[in-house]
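Student: Below is the file work38.cif, with mmCIF, C-alpha atoms and all ligand atoms.
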```cif
data_work
loop_
_atom_site.group_PDB
_atom_site.id
_atom_site.type_symbol
_atom_site.label_atom_id
_atom_site.label_comp_id
_atom_site.auth_asym_id
_atom_site.auth_seq_id
_atom_site.Cartn_x
_atom_site.Cartn_y
_atom_site.Cartn_z
ATOM 1 C CA MET A 189 -13.429 -11.365 -12.691
ATOM 2 C CA LYS A 190 -16.903 -10.292 -13.792
ATOM 3 C CA LEU A 191 -16.902 -6.914 -15.484
ATOM 4 C CA ASP A 192 -20.042 -4.890 -16.220
ATOM 5 C CA SER A 193 -18.430 -3.523 -19.358
ATOM 6 C CA PRO A 194 -15.158 -4.340 -21.073
ATOM 7 C CA LEU A 195 -12.242 -2.294 -19.805
ATOM 8 C CA LYS A 196 -9.707 -0.813 -22.170
ATOM 9 C CA LEU A 197 -6.583 -2.867 -21.405
ATOM 10 C CA ALA A 198 -3.034 -1.930 -22.313
ATOM 11 C CA CYS A 199 -2.108 -5.594 -22.929
ATOM 12 C CA PRO A 200 -5.218 -7.808 -23.097
ATOM 13 C CA GLU A 201 -3.173 -10.796 -24.339
ATOM 14 C CA LEU A 202 -1.427 -10.993 -20.954
ATOM 15 C CA LEU A 203 -4.618 -11.456 -18.946
ATOM 16 C CA ASP A 204 -7.421 -13.942 -18.447
ATOM 17 C CA LEU A 205 -10.455 -12.137 -17.034
ATOM 18 C CA ASP A 206 -12.935 -15.018 -17.328
ATOM 19 C CA GLY A 207 -12.413 -16.424 -13.821
ATOM 20 C CA ALA A 208 -13.341 -15.117 -10.382
ATOM 21 C CA GLU A 209 -10.021 -13.232 -10.258
ATOM 22 C CA PRO A 210 -7.868 -11.862 -13.054
ATOM 23 C CA ALA A 211 -4.990 -14.184 -13.969
ATOM 24 C CA LEU A 212 -1.762 -13.605 -15.866
ATOM 25 C CA MET A 213 -1.203 -15.656 -19.004
ATOM 26 C CA GLY A 214 2.195 -16.905 -20.053
ATOM 27 C CA SER A 215 3.628 -19.900 -21.829
ATOM 28 C CA ARG A 216 5.247 -23.182 -20.817
ATOM 29 C CA CYS A 217 7.763 -25.230 -22.745
ATOM 30 C CA ARG A 218 6.282 -28.663 -23.432
ATOM 31 C CA ALA A 219 9.777 -30.174 -23.560
ATOM 32 C CA CYS A 220 11.292 -28.962 -20.277
ATOM 33 C CA GLY A 221 8.497 -27.148 -18.411
ATOM 34 C CA GLU A 222 10.149 -23.716 -18.283
ATOM 35 C CA VAL A 223 7.545 -20.955 -17.816
ATOM 36 C CA TYR A 224 7.655 -17.545 -19.486
ATOM 37 C CA PHE A 225 5.966 -14.204 -18.972
ATOM 38 C CA PRO A 226 5.071 -12.698 -21.278
ATOM 39 C CA ALA A 227 4.444 -15.753 -23.416
ATOM 40 C CA SER A 228 7.380 -16.851 -25.551
ATOM 41 C CA ARG A 229 7.403 -18.663 -28.889
ATOM 42 C CA GLY A 230 10.578 -20.526 -28.020
ATOM 43 C CA CYS A 231 12.399 -21.819 -24.963
ATOM 44 C CA THR A 232 15.705 -20.171 -24.051
ATOM 45 C CA ARG A 233 16.451 -23.046 -21.660
ATOM 46 C CA CYS A 234 16.277 -25.991 -24.088
ATOM 47 C CA CYS A 235 15.730 -24.308 -27.501
ATOM 48 C CA ALA A 236 12.424 -26.136 -28.083
ATOM 49 C CA THR A 237 9.663 -24.294 -29.921
ATOM 50 C CA ASP A 238 6.767 -26.449 -28.722
ATOM 51 C CA MET A 239 5.146 -24.005 -26.291
ATOM 52 C CA GLU A 240 1.714 -24.015 -24.687
ATOM 53 C CA VAL A 241 -0.291 -21.156 -23.217
ATOM 54 C CA CYS A 242 -0.568 -21.408 -19.442
ATOM 55 C CA SER A 243 -2.076 -19.475 -16.586
ATOM 56 C CA LEU A 244 0.362 -18.082 -14.053
ATOM 57 C CA GLY A 245 -2.444 -17.567 -11.569
ATOM 58 C CA SER A 246 -3.476 -14.542 -9.549
ATOM 59 C CA HIS A 247 -1.249 -14.692 -6.479
ATOM 60 C CA GLY A 248 2.461 -14.534 -5.764
ATOM 61 C CA HIS A 249 5.021 -13.138 -3.352
ATOM 62 C CA LEU A 250 6.871 -9.840 -3.562
ATOM 63 C CA TRP A 251 10.404 -10.707 -4.633
ATOM 64 C CA SER A 252 11.752 -7.149 -4.807
ATOM 65 C CA TRP A 253 10.396 -3.651 -5.216
ATOM 66 C CA THR A 254 11.263 0.000 -5.722
ATOM 67 C CA LEU A 255 9.461 3.274 -6.209
ATOM 68 C CA GLN A 256 9.222 4.981 -9.588
ATOM 69 C CA GLY A 257 9.840 8.494 -8.334
ATOM 70 C CA PHE A 258 9.934 10.427 -11.594
ATOM 71 C CA GLN A 259 7.917 10.351 -14.781
ATOM 72 C CA PRO A 260 9.345 7.655 -17.074
ATOM 73 C CA LYS A 261 10.306 8.419 -20.662
ATOM 74 C CA ALA A 262 8.422 6.855 -23.618
ATOM 75 C CA PRO A 263 7.109 4.241 -24.157
ATOM 76 C CA TYR A 264 5.475 5.206 -20.847
ATOM 77 C CA ASN A 265 2.219 6.881 -21.814
ATOM 78 C CA GLY A 266 0.442 7.655 -18.551
ATOM 79 C CA GLY A 267 -0.748 10.879 -20.134
ATOM 80 C CA GLU A 268 -0.361 13.115 -17.093
ATOM 81 C CA ALA A 269 1.559 16.392 -17.122
ATOM 82 C CA GLU A 270 4.963 16.104 -15.477
ATOM 83 C CA ALA A 271 3.738 18.269 -12.594
ATOM 84 C CA ASP A 272 0.868 15.854 -11.983
ATOM 85 C CA PHE A 273 2.990 12.699 -11.904
ATOM 86 C CA ARG A 274 2.707 10.720 -8.666
ATOM 87 C CA PRO A 275 5.312 8.090 -7.696
ATOM 88 C CA TYR A 276 4.196 4.488 -7.909
ATOM 89 C CA GLY A 277 5.513 1.171 -6.725
ATOM 90 C CA VAL A 278 7.173 -1.266 -9.106
ATOM 91 C CA GLY A 279 8.065 -4.777 -8.150
ATOM 92 C CA TYR A 280 8.919 -8.274 -9.158
ATOM 93 C CA VAL A 281 6.337 -10.769 -7.953
ATOM 94 C CA GLU A 282 7.329 -14.421 -7.907
ATOM 95 C CA MET A 283 4.464 -16.590 -9.089
ATOM 96 C CA PRO A 284 3.934 -20.207 -7.924
ATOM 97 C CA SER A 285 5.674 -21.475 -11.098
ATOM 98 C CA GLY A 286 8.803 -19.561 -10.075
ATOM 99 C CA VAL A 287 8.589 -17.012 -12.867
ATOM 100 C CA LYS A 288 9.084 -13.431 -11.696
ATOM 101 C CA VAL A 289 6.706 -10.832 -13.125
ATOM 102 C CA GLU A 290 7.605 -7.148 -13.247
ATOM 103 C CA ALA A 291 4.528 -5.096 -12.449
ATOM 104 C CA ARG A 292 3.139 -1.943 -10.999
ATOM 105 C CA LEU A 293 2.216 -2.118 -7.355
ATOM 106 C CA THR A 294 -0.951 -0.510 -6.048
ATOM 107 C CA VAL A 295 0.897 1.051 -3.126
ATOM 108 C CA ALA A 296 3.857 3.423 -3.175
ATOM 109 C CA ASP A 297 4.503 3.558 0.572
ATOM 110 C CA PRO A 298 7.726 1.805 1.680
ATOM 111 C CA ALA A 299 6.105 1.129 5.065
ATOM 112 C CA LEU A 300 3.521 -1.071 3.344
ATOM 113 C CA LEU A 301 5.921 -3.131 1.199
ATOM 114 C CA LYS A 302 7.999 -6.017 2.489
ATOM 115 C CA ILE A 303 9.945 -8.563 0.464
ATOM 116 C CA GLY A 304 8.211 -11.939 0.648
ATOM 117 C CA MET A 305 4.762 -10.561 1.394
ATOM 118 C CA PRO A 306 1.805 -12.179 -0.407
ATOM 119 C CA MET A 307 0.442 -10.218 -3.358
ATOM 120 C CA ARG A 308 -2.658 -10.548 -5.485
ATOM 121 C CA LEU A 309 -3.187 -9.530 -9.089
ATOM 122 C CA THR A 310 -5.572 -6.697 -9.827
ATOM 123 C CA LEU A 311 -6.223 -4.137 -12.543
ATOM 124 C CA GLN A 312 -5.247 -0.499 -12.251
ATOM 125 C CA ALA A 313 -6.091 2.477 -14.451
ATOM 126 C CA TYR A 314 -2.638 3.814 -15.246
ATOM 127 C CA ARG A 315 -3.693 6.215 -18.013
ATOM 128 C CA GLN A 316 -6.468 8.613 -17.123
ATOM 129 C CA VAL A 317 -6.741 11.517 -19.514
ATOM 130 C CA ALA A 318 -9.723 13.868 -19.552
ATOM 131 C CA GLY A 319 -11.999 13.047 -22.467
ATOM 132 C CA GLU A 320 -10.500 9.582 -22.996
ATOM 133 C CA GLU A 321 -11.495 6.157 -21.767
ATOM 134 C CA PRO A 322 -9.115 5.070 -18.952
ATOM 135 C CA VAL A 323 -6.538 2.442 -19.878
ATOM 136 C CA TYR A 324 -5.950 -0.381 -17.410
ATOM 137 C CA THR A 325 -2.961 -2.581 -16.812
ATOM 138 C CA TYR A 326 -2.226 -5.404 -14.414
ATOM 139 C CA ALA A 327 -0.810 -4.540 -11.010
ATOM 140 C CA PHE A 328 -0.205 -6.314 -7.734
ATOM 141 C CA ALA A 329 -1.700 -5.352 -4.395
ATOM 142 C CA PRO A 330 -0.684 -6.538 -0.941
ATOM 143 C CA VAL A 331 -3.045 -9.267 0.307
HETATM 144 ZN ZN ZN B 1 12.358 -25.866 -22.783
#
```
The structure in this file should be written as structure tokens.

Tutor:
Amino acid sequence: MKLDSPLKLACPELLDLDGAEPALMGSRCRACGEVYFPASRGCTRCCATDMEVCSLGSHGHLWSWTLQGFQPKAPYNGGEAEADFRPYGVGYVEMPSGVKVEARLTVADPALLKIGMPMRLTLQAYRQVAGEEPVYTYAFAPV
């Protein structure tokens, strides 16, 4: 994903932005192959600590979803006034490795979300406060 200028990211360690599309970064256990997101320093499946960084890719399938219909409590820091809060989609997206990633969804319309539908990773400005640089996080959009 070529960017004209670096974006302010909420969690830059979770993303690889050097390819044509953004990709999520996790870890894989070298002993048993279990994949983690976010990256883990140890394996809860086999107790090994020999982990390697791995890309989870940019595409997956919607495993489940809901709508966040009210402003979350901290650590949410969207920065908007409660009256300005707009509901957003939240889902689990199953990546090709099988790991399920909780993420914002770019749509909040139940008519546009269907379990099993293909999703692609993107970036979304979730914190937009006047006078501040927007803060981006990863999100999934229907393909
Ligand atoms: Zn393991």

Student: Convert the output of the PyMOL selection byres (((chain A and resi 288) around 10) and not hetatm) on the shown file into explicit residues, formatted as a list in words.

Tutor: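 Taken on the displayed file, the PyMOL selection byres (((chain A and resi 288) around 10) and not hetatm) yields the residues Val223, Tyr224, Phe225, Gly248, His249, Leu250, Trp251, Ser252, Gly279, Tyr280, Val281, Glu282, Met283, Pro284, Ser285, Gly286, Val287, Val289, Glu290 and Ala291 of chain A.
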
Student: Pick from A:Glu209, A:Thr310, A:Cys231, A:Pro194: nearest to ligand ZN 1 (chain B), with all atoms listed in the file counted?

Tutor: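 So, comparing all the options, the nearest one is A:Cys231.
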
Student: Using only C-alpha atoms and all ligand atoms, can you tell me which of A:Gly207, A:Pro298, A:Pro263, A:Gly230 comes closest to ligand ZN 1 (chain B)?

Tutor: A:Gly230

Student: In terms of the shortest atom-to-atom distance over all atoms listed in the file, which of A:Ser228, A:Ser243, A:Gln259, A:Asn265 is closest to Asp206 (chain A)?

Tutor: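 Among the listed residues, the smallest separation from Asp206 (chain A) belongs to A:Ser243.
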
Student: Taking only C-alpha atoms and all ligand atoms into account, which residues have an atom no farther than 9 Å from ligand ZN 1 (chain B)? I'd like them as a ChimeraX atom specification.

Tutor: /A:216-223,230-239

Student: Given the choices A:Cys242, A:Ala211, A:Ala227, A:Pro330, which gets closest to Ala299 (chain A) if the distance is worked out from all atoms listed in the file?

Tutor: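 Checking each of A:Cys242, A:Ala211, A:Ala227, A:Pro330 against Ala299 (chain A), counting all atoms listed in the file, the winner is A:Pro330.
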
Student: Counting all atoms listed in the file, what is within 8 Å of Ala198 (chain A), bar same-chain residues fewer than 4 positions away, as a PyMOL selection string?

Tutor: chain A and resi 323-325

Student: What separation in Å, quoted to one decimal, exists between CA of Met213 (chain A) and CA of Arg292 (chain A)?

Tutor: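 Between CA of Met213 (chain A) and CA of Arg292 (chain A) the gap is 16.5 Å.
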
Student: As AutoDock Vina command-line options, please report the centre and edge lengths, rounded to one decimal in Å, of the axis-aligned box that holds all listed atoms of region 316-327 of chain A with 6 Å of padding on each of the six sides.

Tutor:
```
--center_x -6.4 --center_y 4.2 --center_z -17.0 --size_x 23.2 --size_y 31.3 --size_z 24.0
```

Student: Can you tell me how far CA of Glu321 (chain A) sits from CA of Gln256 (chain A), in Å to one decimal?

Tutor: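 A separation of 24.1 Å between them.
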
Student: Return the single residue from A:Met305, A:Pro226, A:Gln312, A:Phe258 that is closest to Glu201 (chain A), with distances computed using only C-alpha atoms.

Tutor: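 Between A:Met305, A:Pro226, A:Gln312, A:Phe258, the residue approaching Glu201 (chain A) most closely is A:Pro226.
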
Student: Have a look at A:Trp253, A:Lys261, A:Arg229, A:Ala313 and name the one nearest to Leu293 (chain A); count all atoms listed in the file.

Tutor: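 Of A:Trp253, A:Lys261, A:Arg229, A:Ala313, the one nearest Leu293 (chain A), counting all atoms listed in the file, is A:Trp253.
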
Student: Enter the distance from CA of Tyr276 (chain A) to CA of Ala208 (chain A), in Å, rounded to one decimal.

Tutor: 26.4 Å

Student: In the coordinates of the file, take the point (-2.7, -13.1, -6.9) and a cut-off of 8 Å; then, counting all atoms listed in the file, name each qualifying protein, DNA or RNA residue as a list in words.

Tutor: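 Every polymer residue passing the test: Ala211, Gly245, Ser246, His247, Gly248, Pro306, Met307, Arg308, Leu309, Thr310 and Phe328 of chain A.
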
Student: May I have the protein, DNA and RNA residues with any atom at most 12 Å from the point (0.3, 14.1, -15.1), counting only C-alpha atoms, written as a list in words?

Tutor: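 Selection result: Phe258, Gln259, Pro260, Tyr264, Asn265, Gly266, Gly267, Glu268, Ala269, Glu270, Ala271, Asp272, Phe273, Arg274, Pro275, Tyr314, Arg315, Gln316, Val317 and Ala318 of chain A.
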
Student: Residues as selected, C-alpha atoms, written as a PDB file, in the frame of the given file, can you do that?

Tutor:
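Final output, again_6.pdb:
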```
ATOM      1  CA  PHE A 258       9.934  10.427 -11.594  1.00  0.00           C
ATOM      2  CA  GLN A 259       7.917  10.351 -14.781  1.00  0.00           C
ATOM      3  CA  PRO A 260       9.345   7.655 -17.074  1.00  0.00           C
ATOM      4  CA  TYR A 264       5.475   5.206 -20.847  1.00  0.00           C
ATOM      5  CA  ASN A 265       2.219   6.881 -21.814  1.00  0.00           C
ATOM      6  CA  GLY A 266       0.442   7.655 -18.551  1.00  0.00           C
ATOM      7  CA  GLY A 267      -0.748  10.879 -20.134  1.00  0.00           C
ATOM      8  CA  GLU A 268      -0.361  13.115 -17.093  1.00  0.00           C
ATOM      9  CA  ALA A 269       1.559  16.392 -17.122  1.00  0.00           C
ATOM     10  CA  GLU A 270       4.963  16.104 -15.477  1.00  0.00           C
ATOM     11  CA  ALA A 271       3.738  18.269 -12.594  1.00  0.00           C
ATOM     12  CA  ASP A 272       0.868  15.854 -11.983  1.00  0.00           C
ATOM     13  CA  PHE A 273       2.990  12.699 -11.904  1.00  0.00           C
ATOM     14  CA  ARG A 274       2.707  10.720  -8.666  1.00  0.00           C
ATOM     15  CA  PRO A 275       5.312   8.090  -7.696  1.00  0.00           C
ATOM     16  CA  TYR A 314      -2.638   3.814 -15.246  1.00  0.00           C
ATOM     17  CA  ARG A 315      -3.693   6.215 -18.013  1.00  0.00           C
ATOM     18  CA  GLN A 316      -6.468   8.613 -17.123  1.00  0.00           C
ATOM     19  CA  VAL A 317      -6.741  11.517 -19.514  1.00  0.00           C
ATOM     20  CA  ALA A 318      -9.723  13.868 -19.552  1.00  0.00           C
TER      21      ALA A 318
END
```
